[in-house]
>>> print(open('input-v2.csv').read())   # CSV, C-alpha atoms
chain,number,residue,atom,x,y,z
A,115,GLN,CA,1.2,9.9,43.4
A,116,LYS,CA,-0.7,12.8,41.9
A,117,GLU,CA,-1.2,12.6,38.2
A,118,VAL,CA,-0.2,16.2,37.6
A,119,GLU,CA,1.8,18.1,40.2
A,120,GLN,CA,2.4,21.8,40.5
A,121,ASN,CA,3.7,23.9,43.3
A,122,SER,CA,0.7,25.9,44.6
A,123,GLY,CA,2.8,29.0,45.3
A,124,PRO,CA,2.3,31.9,45.4
A,125,LEU,CA,5.2,32.6,43.2
A,126,SER,CA,6.1,36.3,43.6
A,127,VAL,CA,8.1,38.1,41.0
A,128,PRO,CA,8.7,41.8,40.4
A,129,GLU,CA,7.4,43.5,37.2
A,130,GLY,CA,9.7,42.9,34.3
A,131,ALA,CA,11.2,39.7,35.7
A,132,ILE,CA,11.0,36.1,34.3
A,133,ALA,CA,8.5,33.9,36.0
A,134,SER,CA,9.2,30.2,35.8
A,135,LEU,CA,6.3,27.7,36.4
A,136,ASN,CA,6.8,24.0,36.7
A,137,CYS,CA,4.7,20.9,36.3
A,138,THR,CA,5.4,17.2,36.5
A,139,TYR,CA,3.2,14.4,35.4
A,140,SER,CA,3.1,10.7,36.3
A,141,ASP,CA,1.6,9.0,33.2
A,142,ARG,CA,4.3,8.3,30.7
A,143,VAL,CA,1.9,7.8,27.8
A,144,SER,CA,0.8,11.5,28.1
A,145,GLN,CA,1.3,13.3,24.8
A,146,SER,CA,-0.3,16.6,24.8
A,147,PHE,CA,0.4,19.3,27.4
A,148,PHE,CA,-1.3,22.6,28.0
A,149,TRP,CA,-0.9,25.7,30.1
A,150,TYR,CA,-4.0,27.6,31.0
A,151,ARG,CA,-4.4,30.8,32.9
A,152,GLN,CA,-7.2,31.2,35.3
A,153,TYR,CA,-8.2,34.5,37.0
A,154,SER,CA,-10.1,34.3,40.2
A,155,GLY,CA,-13.7,33.3,39.5
A,156,LYS,CA,-13.1,32.9,35.8
A,157,SER,CA,-12.7,30.0,33.4
A,158,PRO,CA,-9.4,28.5,32.2
A,159,GLU,CA,-7.9,30.4,29.3
A,160,LEU,CA,-5.4,28.7,27.0
A,161,ILE,CA,-1.9,30.1,27.0
A,162,MET,CA,0.1,27.5,25.2
A,163,SER,CA,0.0,23.9,24.0
A,164,ILE,CA,3.1,21.7,23.5
A,165,TYR,CA,3.4,18.2,22.0
A,166,SER,CA,7.1,17.6,21.3
A,167,ASN,CA,10.2,17.7,23.4
A,168,GLY,CA,12.0,21.1,23.5
A,169,ASP,CA,10.9,24.7,23.6
A,170,LYS,CA,7.9,26.4,22.1
A,171,GLU,CA,7.7,30.2,22.1
A,172,ASP,CA,4.7,32.5,21.7
A,173,GLY,CA,5.3,36.1,22.5
A,174,ARG,CA,6.4,36.5,26.1
A,175,PHE,CA,5.6,32.8,26.8
A,176,THR,CA,7.9,29.8,26.4
A,177,ALA,CA,6.7,26.3,27.1
A,178,GLN,CA,9.4,23.6,27.6
A,179,LEU,CA,8.7,19.9,27.5
A,180,ASN,CA,11.0,17.0,28.6
A,181,LYS,CA,9.1,13.7,28.2
A,182,ALA,CA,12.0,11.6,29.6
A,183,SER,CA,11.8,13.6,32.9
A,184,GLN,CA,8.0,13.9,32.6
A,185,TYR,CA,8.4,17.6,33.1
A,186,VAL,CA,6.8,20.6,31.5
A,187,SER,CA,7.4,24.3,32.3
A,188,LEU,CA,6.2,27.7,31.4
A,189,LEU,CA,8.4,30.8,31.3
A,190,ILE,CA,6.9,34.2,31.3
A,191,ARG,CA,9.3,37.0,30.2
A,192,ASP,CA,8.8,40.6,31.1
A,193,SER,CA,6.2,39.7,33.7
A,194,GLN,CA,3.3,42.2,34.1
A,195,PRO,CA,0.9,42.8,37.0
A,196,SER,CA,-1.8,41.6,34.6
A,197,ASP,CA,-0.1,38.2,34.5
A,198,SER,CA,-1.0,37.7,38.1
A,199,ALA,CA,-3.3,34.7,38.1
A,200,THR,CA,-3.3,30.9,38.7
A,201,TYR,CA,-1.5,28.9,36.0
A,202,LEU,CA,-2.9,25.5,35.4
A,203,CYS,CA,-0.9,22.6,33.8
A,204,ALA,CA,-3.1,20.1,32.0
A,205,VAL,CA,-2.2,16.8,30.3
A,206,ASN,CA,-4.0,14.6,27.8
A,207,ARG,CA,-3.0,11.0,27.1
A,208,ASN,CA,-3.8,11.0,23.4
A,209,THR,CA,-4.7,7.3,23.4
A,210,GLY,CA,-8.4,7.5,23.1
A,211,PHE,CA,-8.7,9.1,26.5
A,212,GLN,CA,-9.9,12.6,25.8
A,213,LYS,CA,-10.0,14.1,29.2
A,214,LEU,CA,-7.6,16.7,30.4
A,215,VAL,CA,-6.0,16.1,33.8
A,216,PHE,CA,-5.3,19.3,35.6
A,217,GLY,CA,-2.8,20.2,38.3
A,218,THR,CA,-3.9,22.3,41.2
A,219,GLY,CA,-2.3,25.3,39.7
A,220,THR,CA,0.4,27.7,40.6
A,221,ARG,CA,-0.6,31.2,41.8
A,222,LEU,CA,1.6,33.9,40.3
A,223,LEU,CA,1.8,37.4,41.8
A,224,VAL,CA,3.6,40.1,39.8
A,225,SER,CA,4.3,43.2,41.9
A,226,PRO,CA,4.6,46.6,40.2
B,128,GLU,CA,-13.4,35.0,17.5
B,129,PRO,CA,-15.7,32.1,18.2
B,130,GLU,CA,-16.2,31.1,21.8
B,131,VAL,CA,-18.0,28.6,24.0
B,132,THR,CA,-21.0,30.1,25.8
B,133,GLN,CA,-22.8,28.9,28.9
B,134,THR,CA,-26.1,29.7,30.6
B,135,PRO,CA,-27.0,30.6,33.2
B,136,SER,CA,-23.9,32.2,34.8
B,137,HIS,CA,-25.2,31.4,38.3
B,138,GLN,CA,-27.8,28.9,39.3
B,139,VAL,CA,-29.1,28.6,42.9
B,140,THR,CA,-31.2,25.5,43.7
B,141,GLN,CA,-32.5,23.5,46.6
B,142,MET,CA,-31.0,20.2,47.5
B,143,GLY,CA,-32.9,17.4,45.7
B,144,GLN,CA,-33.9,19.6,42.7
B,145,GLU,CA,-33.0,19.0,39.1
B,146,VAL,CA,-30.8,21.4,37.3
B,147,ILE,CA,-29.9,21.7,33.6
B,148,LEU,CA,-26.8,23.6,32.7
B,149,ARG,CA,-26.5,24.7,29.1
B,150,CYS,CA,-23.6,25.2,26.7
B,151,VAL,CA,-23.2,26.2,23.1
B,152,PRO,CA,-19.8,24.9,21.9
B,153,ILE,CA,-17.8,26.4,19.1
B,154,SER,CA,-19.7,25.7,15.9
B,155,ASN,CA,-17.2,23.5,14.0
B,156,HIS,CA,-16.1,21.5,17.1
B,157,LEU,CA,-16.9,17.9,17.4
B,158,TYR,CA,-15.8,17.0,20.9
B,159,PHE,CA,-17.6,18.3,23.9
B,160,TYR,CA,-16.7,18.2,27.6
B,161,TRP,CA,-17.9,19.0,31.1
B,162,TYR,CA,-15.6,19.8,33.9
B,163,ARG,CA,-16.2,21.1,37.4
B,164,GLN,CA,-14.2,23.0,39.9
B,165,ILE,CA,-15.1,23.1,43.6
B,166,LEU,CA,-14.1,26.3,45.2
B,167,GLY,CA,-10.4,26.3,46.0
B,168,GLN,CA,-9.8,22.9,44.2
B,169,LYS,CA,-8.5,21.8,40.9
B,170,VAL,CA,-10.5,21.5,37.7
B,171,GLU,CA,-11.9,17.9,37.4
B,172,PHE,CA,-13.1,16.1,34.3
B,173,LEU,CA,-16.7,14.9,34.3
B,174,VAL,CA,-17.5,13.6,30.8
B,175,SER,CA,-16.6,13.7,27.2
B,176,PHE,CA,-19.1,13.5,24.3
B,177,TYR,CA,-18.6,12.7,20.7
B,178,ASN,CA,-20.9,11.6,17.8
B,179,ASN,CA,-23.9,11.8,20.1
B,180,GLU,CA,-22.6,9.6,22.8
B,181,ILE,CA,-20.5,9.6,25.9
B,182,SER,CA,-16.9,8.6,25.1
B,183,GLU,CA,-15.5,8.8,28.6
B,184,LYS,CA,-16.8,9.6,32.0
B,185,SER,CA,-15.2,10.0,35.4
B,186,GLU,CA,-16.2,8.4,38.8
B,187,ILE,CA,-17.9,11.7,39.6
B,188,PHE,CA,-20.3,11.3,36.7
B,189,ASP,CA,-22.7,8.9,38.4
B,190,ASP,CA,-26.3,8.1,37.6
B,191,GLN,CA,-27.4,11.5,38.8
B,192,PHE,CA,-25.7,13.1,35.9
B,193,SER,CA,-26.6,13.0,32.2
B,194,VAL,CA,-25.6,14.9,29.1
B,195,GLU,CA,-27.4,15.6,25.9
B,196,ARG,CA,-27.0,17.3,22.6
B,197,PRO,CA,-30.7,18.1,21.9
B,198,ASP,CA,-30.0,20.0,18.7
B,199,GLY,CA,-27.1,21.0,16.5
B,200,SER,CA,-25.9,23.7,18.8
B,201,ASN,CA,-26.6,23.1,22.4
B,202,PHE,CA,-24.9,20.7,24.8
B,203,THR,CA,-26.5,20.2,28.3
B,204,LEU,CA,-25.6,18.7,31.6
B,205,LYS,CA,-28.4,17.6,33.8
B,206,ILE,CA,-28.1,16.8,37.5
B,207,ARG,CA,-31.2,14.9,38.5
B,208,SER,CA,-31.2,15.4,42.3
B,209,THR,CA,-28.7,17.9,43.4
B,210,LYS,CA,-26.7,17.4,46.6
B,211,LEU,CA,-24.8,20.0,48.7
B,212,GLU,CA,-21.5,18.7,47.4
B,213,ASP,CA,-22.5,19.4,43.8
B,214,SER,CA,-22.0,23.1,44.5
B,215,ALA,CA,-19.2,24.1,42.1
B,216,MET,CA,-18.3,25.9,38.9
B,217,TYR,CA,-19.2,23.8,35.9
B,218,PHE,CA,-17.3,24.4,32.8
B,219,CYS,CA,-18.2,23.3,29.3
B,220,ALA,CA,-15.4,22.9,26.8
B,221,SER,CA,-15.1,21.9,23.1
B,222,GLY,CA,-12.4,20.9,20.7
B,223,GLN,CA,-12.0,20.0,17.0
B,224,GLU,CA,-10.1,16.8,17.6
B,225,SER,CA,-10.0,14.5,20.6
B,226,THR,CA,-6.4,15.3,21.2
B,227,ASP,CA,-6.7,19.0,20.4
B,228,THR,CA,-6.9,22.0,22.5
B,229,GLN,CA,-10.0,22.3,24.6
B,230,TYR,CA,-11.6,25.8,24.8
B,231,PHE,CA,-13.5,26.5,27.9
B,232,GLY,CA,-16.7,28.5,28.4
B,233,PRO,CA,-17.1,31.1,31.1
B,234,GLY,CA,-18.7,28.6,33.5
B,235,THR,CA,-21.9,28.2,35.5
B,236,ARG,CA,-21.7,28.7,39.2
B,237,LEU,CA,-24.0,26.2,40.8
B,238,THR,CA,-25.0,26.7,44.4
B,239,VAL,CA,-27.0,24.0,46.2
B,240,LEU,CA,-28.7,25.1,49.4
>>> encode(input="input-v2.csv", output="structure tokens")
Amino acid sequence: QKEVEQNSGPLSVPEGAIASLNCTYSDRVSQSFFWYRQYSGKSPELIMSIYSNGDKEDGRFTAQLNKASQYVSLLIRDSQPSDSATYLCAVNRNTGFQKLVFGTGTRLLVSP
Amino acid sequence: EPEVTQTPSHQVTQMGQEVILRCVPISNHLYFYWYRQILGQKVEFLVSFYNNEISEKSEIFDDQFSVERPDGSNFTLKIRSTKLEDSAMYFCASGQESTDTQYFGPGTRLTVL
């Protein structure tokens, strides 16, 4: 079982729509969850972090965490062509293990 | 806004040669990391560094790899004898706390011929 799983996509949405990106993780002691955006050939850029169950909103982005289901998601409202990128889910165990474990990423394509 | 910087942006080397990749973490950060990403694959953890010593390393980080903080600002990754399979993007990251957000540098693309 992969530690962090994401659908590789591509997820195609029209401009202005809501994009929904999902991630599941296997390690129940995971405590910190991050969404990064990565454009082709570039480094991961932080979008959101979430630590508690529930929703966290930041502008057009909403992260949702359900620790019981070991599931974290990212919603992008009013999607723009500039949102087209690969979205990486990353998990940190917060128990002295400092490494981020990344999923393979979901490629998002927003068409004008 | 402070950011992590890395040099060089692209390094080409011959198999068996030593390379040093350099990073300047964000100035008030205490935790430093190296990750790599082979083309088309996921970002993989290599090593974390705190208080002048390695705090955790992955299976990838074998005896050919070493890290150092030679002064108050730089953080380096050395690969002693490069192999073809070391070709990848290498990202440096830093964070204020061990469980905090990690901010990534722009990366160094290493090509081993």
>>> closest_residue(input="input-v2.csv", among="A:Glu159, A:Glu129, A:Glu117, A:Asp197", to="chain B", atoms="all atoms listed in the file")
A:Glu159
>>> closest_residue(input="input-v2.csv", among="B:Asp190, B:Glu180, B:Asp213, B:Glu171", to="Leu157 (chain B)", atoms="all atoms listed in the file")
B:Glu180
>>> residues_around(input="input-v2.csv", residues="Ile161 (chain A)", least_positions_apart="6", cutoff="7 Å", atoms="only C-alpha atoms", output="compact mmCIF listing (two decimals) with C-alpha atoms, in the coordinates of the input")
# COMPACT_ATOMS: atom_id res chain seq x y z
CA TRP A 149 -0.90 25.70 30.10
CA TYR A 150 -4.00 27.60 31.00
CA ARG A 151 -4.40 30.80 32.90
>>> closest_residue(input="input-v2.csv", among="B:Ser175, B:Lys210, B:Gly234, B:Ile153", to="Thr140 (chain B)", atoms="all atoms listed in the file")
B:Lys210
>>> closest_residue(input="input-v2.csv", among="B:Ile206, B:Ile187, B:Val170, B:Ile147", to="chain A", atoms="only C-alpha atoms")
B:Val170
>>> atom_distance(input="input-v2.csv", atom1="CA of Cys137 (chain A)", atom2="CA of Asp227 (chain B)")
19.7 Å
>>> interface_residues(input="input-v2.csv", of="chain B", to="chain A", cutoff="10 Å", atoms="all atoms listed in the file", output="PyMOL selection string")
chain B and resi 158-162+164+166-176+182-185+216-220+224-236
>>> closest_residue(input="input-v2.csv", among="A:Thr138, A:Tyr201, A:Ile132, A:Leu222", to="Asn180 (chain A)", atoms="all atoms listed in the file")
A:Thr138
>>> atom_distance(input="input-v2.csv", atom1="CA of Gln138 (chain B)", atom2="CA of Asn178 (chain B)")
28.4 Å
>>> closest_residue(input="input-v2.csv", among="B:Leu240, B:Gly143, B:Lys205, B:Ser200", to="Phe188 (chain B)", atoms="only C-alpha atoms")
B:Lys205
>>> axis_aligned_box(input="input-v2.csv", around="region 183-193 of chain B", padding_each_side="8 Å", output="JSON")
{"center_x": -21.3, "center_y": 10.6, "center_z": 34.1, "size_x": 28.2, "size_y": 21.0, "size_z": 27.0}
>>> atom_distance(input="input-v2.csv", atom1="CA of Asp198 (chain B)", atom2="CA of Val151 (chain B)")
10.2 Å
>>> residues_around(input="input-v2.csv", residues="Gly123 (chain A)", least_positions_apart="2", cutoff="12 Å", atoms="all atoms listed in the file", output="list in words")
Gln120, Asn121, Leu125, Ser126, Val127, Ala133, Ser134, Leu135, Asn136, Ser198, Ala199, Thr200, Tyr201, Leu202, Thr218, Gly219, Thr220, Arg221, Leu222 and Leu223 of chain A
>>> residues_around(input="input-v2.csv", residues="Pro128 (chain A)", least_positions_apart="5", cutoff="10 Å", atoms="only C-alpha atoms", output="MDAnalysis selection string")
chainID A and resid 133 192:195 223:226
>>> write_last_selection(input="input-v2.csv", atoms="C-alpha atoms", output="short mmCIF file (atom, residue, chain, number, x, y, z; two decimals), in the frame of the given file")
data_model
loop_
_atom_site.label_atom_id
_atom_site.label_comp_id
_atom_site.auth_asym_id
_atom_site.auth_seq_id
_atom_site.Cartn_x
_atom_site.Cartn_y
_atom_site.Cartn_z
CA ALA A 133 8.50 33.90 36.00
CA ASP A 192 8.80 40.60 31.10
CA SER A 193 6.20 39.70 33.70
CA GLN A 194 3.30 42.20 34.10
CA PRO A 195 0.90 42.80 37.00
CA LEU A 223 1.80 37.40 41.80
CA VAL A 224 3.60 40.10 39.80
CA SER A 225 4.30 43.20 41.90
CA PRO A 226 4.60 46.60 40.20
#
>>> residues_near_point(input="input-v2.csv", point="(-31.0, 25.9, 22.0)", cutoff="12 Å", atoms="only C-alpha atoms", output="ChimeraX atom specification")
/B:132-134,148-152,195-203
